[in-house]
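Colleague: Attaching a single structure in structure tokens format; questions to follow.
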Amino acid sequence: MVKITVCIGSSCHIKGSRQVVEVLQNRIAEKQVGDRVELSGTFCMGQCQQGVCVKIGEEFFSVSPDTAEKFFDEEVMSRV
Ligand code: FES
């Protein structure tokens with residue numbers, strides 16, 4: 001099970017965390033990996049400097065609505 005955690009803290013929210021979640025949800029559906037990927041939200045992870053903070057397991061990534069699809073295909077699909 002790949003655990004993806006998206007920050008929904010205020011700084012990441014302003015940068016589009018909601019859209020990032022939507023892109024990831026769509027991608028999970030399109031790739032039919034809903035049984036292998038767990039998507040959840042979390043409050044500020046103290047990494048506000050960059051884009052929307054997303055974690056896969058314990059690894060941090062900086063994602064934006066524009067890069068979320070690429071992020072999913074490269075970083076998530078390689079782990080499922
Ligand atoms: S609000 Fe997302 S890391 Fe701080």
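By convention here, the chains of the structure tokens are called A, B, ... in the order presented, each chain's residues are numbered starting at 1, and ligands are numbered starting at 1 in the order presented.
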For Arg18 of chain A, list every protein, DNA or RNA residue within 10 Å, evaluated using only C-alpha atoms, and leave out those in the same chain fewer than 3 positions away; present the list as a list of chain:residue names.
Modeller: A:Val6, A:Cys7, A:Ile8, A:Cys12, A:His13, A:Ile14, A:Lys15, A:Val21, A:Glu22, A:Val23, A:Leu24, A:Gly41, A:Val52, A:Pro65
Colleague: Write out the residues from the selection above, keeping N, CA, C and O atoms, as a tab-separated table (two decimals), in the first residue's frame.
Modeller:
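As written to disk, again-v8.tsv reads:
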```tsv
chain	number	residue	atom	x	y	z
A	6	VAL	N	-1.34	14.53	1.64
A	6	VAL	CA	-1.29	15.89	1.09
A	6	VAL	C	-1.55	16.89	2.20
A	6	VAL	O	-2.50	16.75	2.97
A	7	CYS	N	-0.69	17.90	2.27
A	7	CYS	CA	-0.87	18.94	3.29
A	7	CYS	C	-2.06	19.81	2.93
A	7	CYS	O	-2.16	20.31	1.81
A	8	ILE	N	-2.95	20.00	3.88
A	8	ILE	CA	-4.07	20.90	3.65
A	8	ILE	C	-3.99	22.09	4.62
A	8	ILE	O	-4.98	22.75	4.91
A	12	CYS	N	-0.33	25.68	2.13
A	12	CYS	CA	-0.46	24.74	1.01
A	12	CYS	C	-1.84	24.85	0.37
A	12	CYS	O	-1.99	24.66	-0.84
A	13	HIS	N	-2.83	25.18	1.16
A	13	HIS	CA	-4.17	25.37	0.60
A	13	HIS	C	-4.16	26.50	-0.42
A	13	HIS	O	-4.71	26.37	-1.52
A	14	ILE	N	-3.49	27.58	-0.07
A	14	ILE	CA	-3.40	28.74	-0.98
A	14	ILE	C	-2.69	28.35	-2.27
A	14	ILE	O	-3.01	28.85	-3.35
A	15	LYS	N	-1.74	27.46	-2.18
A	15	LYS	CA	-0.99	27.03	-3.37
A	15	LYS	C	-1.72	25.95	-4.18
A	15	LYS	O	-1.18	25.44	-5.16
A	21	VAL	N	-5.20	17.38	-4.69
A	21	VAL	CA	-5.94	16.20	-4.24
A	21	VAL	C	-6.86	15.71	-5.35
A	21	VAL	O	-6.95	14.50	-5.61
A	22	GLU	N	-7.53	16.65	-6.03
A	22	GLU	CA	-8.44	16.26	-7.12
A	22	GLU	C	-7.70	15.54	-8.24
A	22	GLU	O	-8.15	14.53	-8.76
A	23	VAL	N	-6.56	16.11	-8.62
A	23	VAL	CA	-5.76	15.48	-9.69
A	23	VAL	C	-5.34	14.07	-9.26
A	23	VAL	O	-5.47	13.11	-10.04
A	24	LEU	N	-4.88	13.93	-8.03
A	24	LEU	CA	-4.42	12.62	-7.57
A	24	LEU	C	-5.60	11.63	-7.53
A	24	LEU	O	-5.45	10.47	-7.94
A	41	GLY	N	-5.16	13.49	4.00
A	41	GLY	CA	-4.74	14.87	4.21
A	41	GLY	C	-4.11	15.03	5.58
A	41	GLY	O	-4.31	14.21	6.46
A	52	VAL	N	2.87	22.72	-2.82
A	52	VAL	CA	2.03	21.96	-1.91
A	52	VAL	C	2.86	20.77	-1.42
A	52	VAL	O	3.44	20.02	-2.21
A	65	PRO	N	-0.65	22.07	-8.59
A	65	PRO	CA	-1.71	21.51	-9.43
A	65	PRO	C	-1.20	21.14	-10.83
A	65	PRO	O	-1.64	20.15	-11.42
```
Colleague: Please return, as a PDB file with C-alpha atoms, in the first residue's frame, all residues of chain A that DSSP assigns to alpha helix (DSSP H) on the basis of the backbone.
Modeller:
```pdb
ATOM      1  CA  SER A  10      -3.325  27.142   5.065  1.00  0.00           C
ATOM      2  CA  SER A  11      -0.108  27.845   3.157  1.00  0.00           C
ATOM      3  CA  CYS A  12      -0.464  24.743   1.009  1.00  0.00           C
ATOM      4  CA  HIS A  13      -4.173  25.366   0.602  1.00  0.00           C
ATOM      5  CA  ILE A  14      -3.404  28.737  -0.979  1.00  0.00           C
ATOM      6  CA  SER A  17      -3.687  21.600  -2.308  1.00  0.00           C
ATOM      7  CA  ARG A  18      -7.346  21.022  -3.049  1.00  0.00           C
ATOM      8  CA  GLN A  19      -6.669  20.839  -6.792  1.00  0.00           C
ATOM      9  CA  VAL A  20      -3.678  18.590  -6.135  1.00  0.00           C
ATOM     10  CA  VAL A  21      -5.942  16.203  -4.237  1.00  0.00           C
ATOM     11  CA  GLU A  22      -8.441  16.256  -7.117  1.00  0.00           C
ATOM     12  CA  VAL A  23      -5.756  15.479  -9.692  1.00  0.00           C
ATOM     13  CA  LEU A  24      -4.423  12.616  -7.567  1.00  0.00           C
ATOM     14  CA  GLN A  25      -7.928  11.221  -7.017  1.00  0.00           C
ATOM     15  CA  ASN A  26      -8.636  11.322 -10.749  1.00  0.00           C
ATOM     16  CA  ARG A  27      -5.333   9.684 -11.523  1.00  0.00           C
ATOM     17  CA  ILE A  28      -5.949   6.915  -8.977  1.00  0.00           C
ATOM     18  CA  ALA A  29      -9.292   6.233 -10.669  1.00  0.00           C
ATOM     19  CA  GLU A  30      -7.856   6.363 -14.192  1.00  0.00           C
ATOM     20  CA  LYS A  31      -5.026   4.005 -13.330  1.00  0.00           C
ATOM     21  CA  ALA A  68       0.492  16.732  -9.773  1.00  0.00           C
ATOM     22  CA  GLU A  69      -0.220  14.448 -12.726  1.00  0.00           C
ATOM     23  CA  LYS A  70       3.473  14.055 -13.547  1.00  0.00           C
ATOM     24  CA  PHE A  71       4.220  13.517  -9.867  1.00  0.00           C
TER      25      PHE A  71
END
```
Colleague: I want to know what sits within 7 Å of Glu38 of chain A, based on only C-alpha atoms, with residues of the same chain fewer than 3 positions away left out; could you give that as a PDB file with N, CA, C and O atoms, in the first residue's frame?
Modeller:
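The result, stored in part-v4.pdb:
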```pdb
ATOM      1  N   MET A   1       0.840  -1.206   0.000  1.00  0.00           N
ATOM      2  CA  MET A   1       0.000   0.000   0.000  1.00  0.00           C
ATOM      3  C   MET A   1       0.872   1.253   0.000  1.00  0.00           C
ATOM      4  O   MET A   1       1.732   1.409   0.850  1.00  0.00           O
ATOM      5  N   VAL A   2       0.656   2.127  -0.988  1.00  0.00           N
ATOM      6  CA  VAL A   2       1.395   3.385  -1.044  1.00  0.00           C
ATOM      7  C   VAL A   2       0.579   4.457  -0.339  1.00  0.00           C
ATOM      8  O   VAL A   2      -0.576   4.697  -0.695  1.00  0.00           O
ATOM      9  N   LYS A   3       1.183   5.074   0.642  1.00  0.00           N
ATOM     10  CA  LYS A   3       0.464   6.099   1.402  1.00  0.00           C
ATOM     11  C   LYS A   3       0.853   7.488   0.932  1.00  0.00           C
ATOM     12  O   LYS A   3       2.009   7.898   1.070  1.00  0.00           O
ATOM     13  N   ILE A   4      -0.111   8.220   0.390  1.00  0.00           N
ATOM     14  CA  ILE A   4       0.139   9.594  -0.035  1.00  0.00           C
ATOM     15  C   ILE A   4      -0.571  10.528   0.938  1.00  0.00           C
ATOM     16  O   ILE A   4      -1.762  10.376   1.194  1.00  0.00           O
TER      17      ILE A   4
END
```
Colleague: Identify all residues of chain A in strand (DSSP E or B) (DSSP on the backbone) and supply them as a PyMOL selection string.
Modeller: chain A and resi 2-7+37-42+52-56+59-63
Colleague: So that I have them on file, write out the residues from the current selection with C-alpha atoms, as a PDB file, in the first residue's frame.
Modeller:
```pdb
ATOM      1  CA  VAL A   2       1.395   3.385  -1.044  1.00  0.00           C
ATOM      2  CA  LYS A   3       0.464   6.099   1.402  1.00  0.00           C
ATOM      3  CA  ILE A   4       0.139   9.594  -0.035  1.00  0.00           C
ATOM      4  CA  THR A   5      -0.409  12.434   2.381  1.00  0.00           C
ATOM      5  CA  VAL A   6      -1.291  15.885   1.085  1.00  0.00           C
ATOM      6  CA  CYS A   7      -0.874  18.939   3.289  1.00  0.00           C
ATOM      7  CA  VAL A  37      -2.953   3.746  -2.969  1.00  0.00           C
ATOM      8  CA  GLU A  38      -4.181   5.448   0.154  1.00  0.00           C
ATOM      9  CA  LEU A  39      -4.745   9.198  -0.074  1.00  0.00           C
ATOM     10  CA  SER A  40      -5.129  11.312   3.013  1.00  0.00           C
ATOM     11  CA  GLY A  41      -4.736  14.872   4.209  1.00  0.00           C
ATOM     12  CA  THR A  42      -2.749  16.353   7.026  1.00  0.00           C
ATOM     13  CA  VAL A  52       2.035  21.957  -1.910  1.00  0.00           C
ATOM     14  CA  CYS A  53       3.735  19.560   0.468  1.00  0.00           C
ATOM     15  CA  VAL A  54       3.019  15.916  -0.333  1.00  0.00           C
ATOM     16  CA  LYS A  55       4.474  12.873   1.347  1.00  0.00           C
ATOM     17  CA  ILE A  56       4.821   9.357   0.023  1.00  0.00           C
ATOM     18  CA  GLU A  59       9.475  11.108   1.805  1.00  0.00           C
ATOM     19  CA  PHE A  60       8.621  14.763   1.108  1.00  0.00           C
ATOM     20  CA  PHE A  61       7.762  16.168  -2.313  1.00  0.00           C
ATOM     21  CA  SER A  62       6.778  19.606  -3.474  1.00  0.00           C
ATOM     22  CA  VAL A  63       3.836  19.470  -5.870  1.00  0.00           C
TER      23      VAL A  63
END
```
Colleague: Considering only C-alpha atoms and all ligand atoms, can you say which of A:Gly34, A:Gly16, A:Gly57, A:Gly46 comes closest to ligand 1?
Modeller: A:Gly46
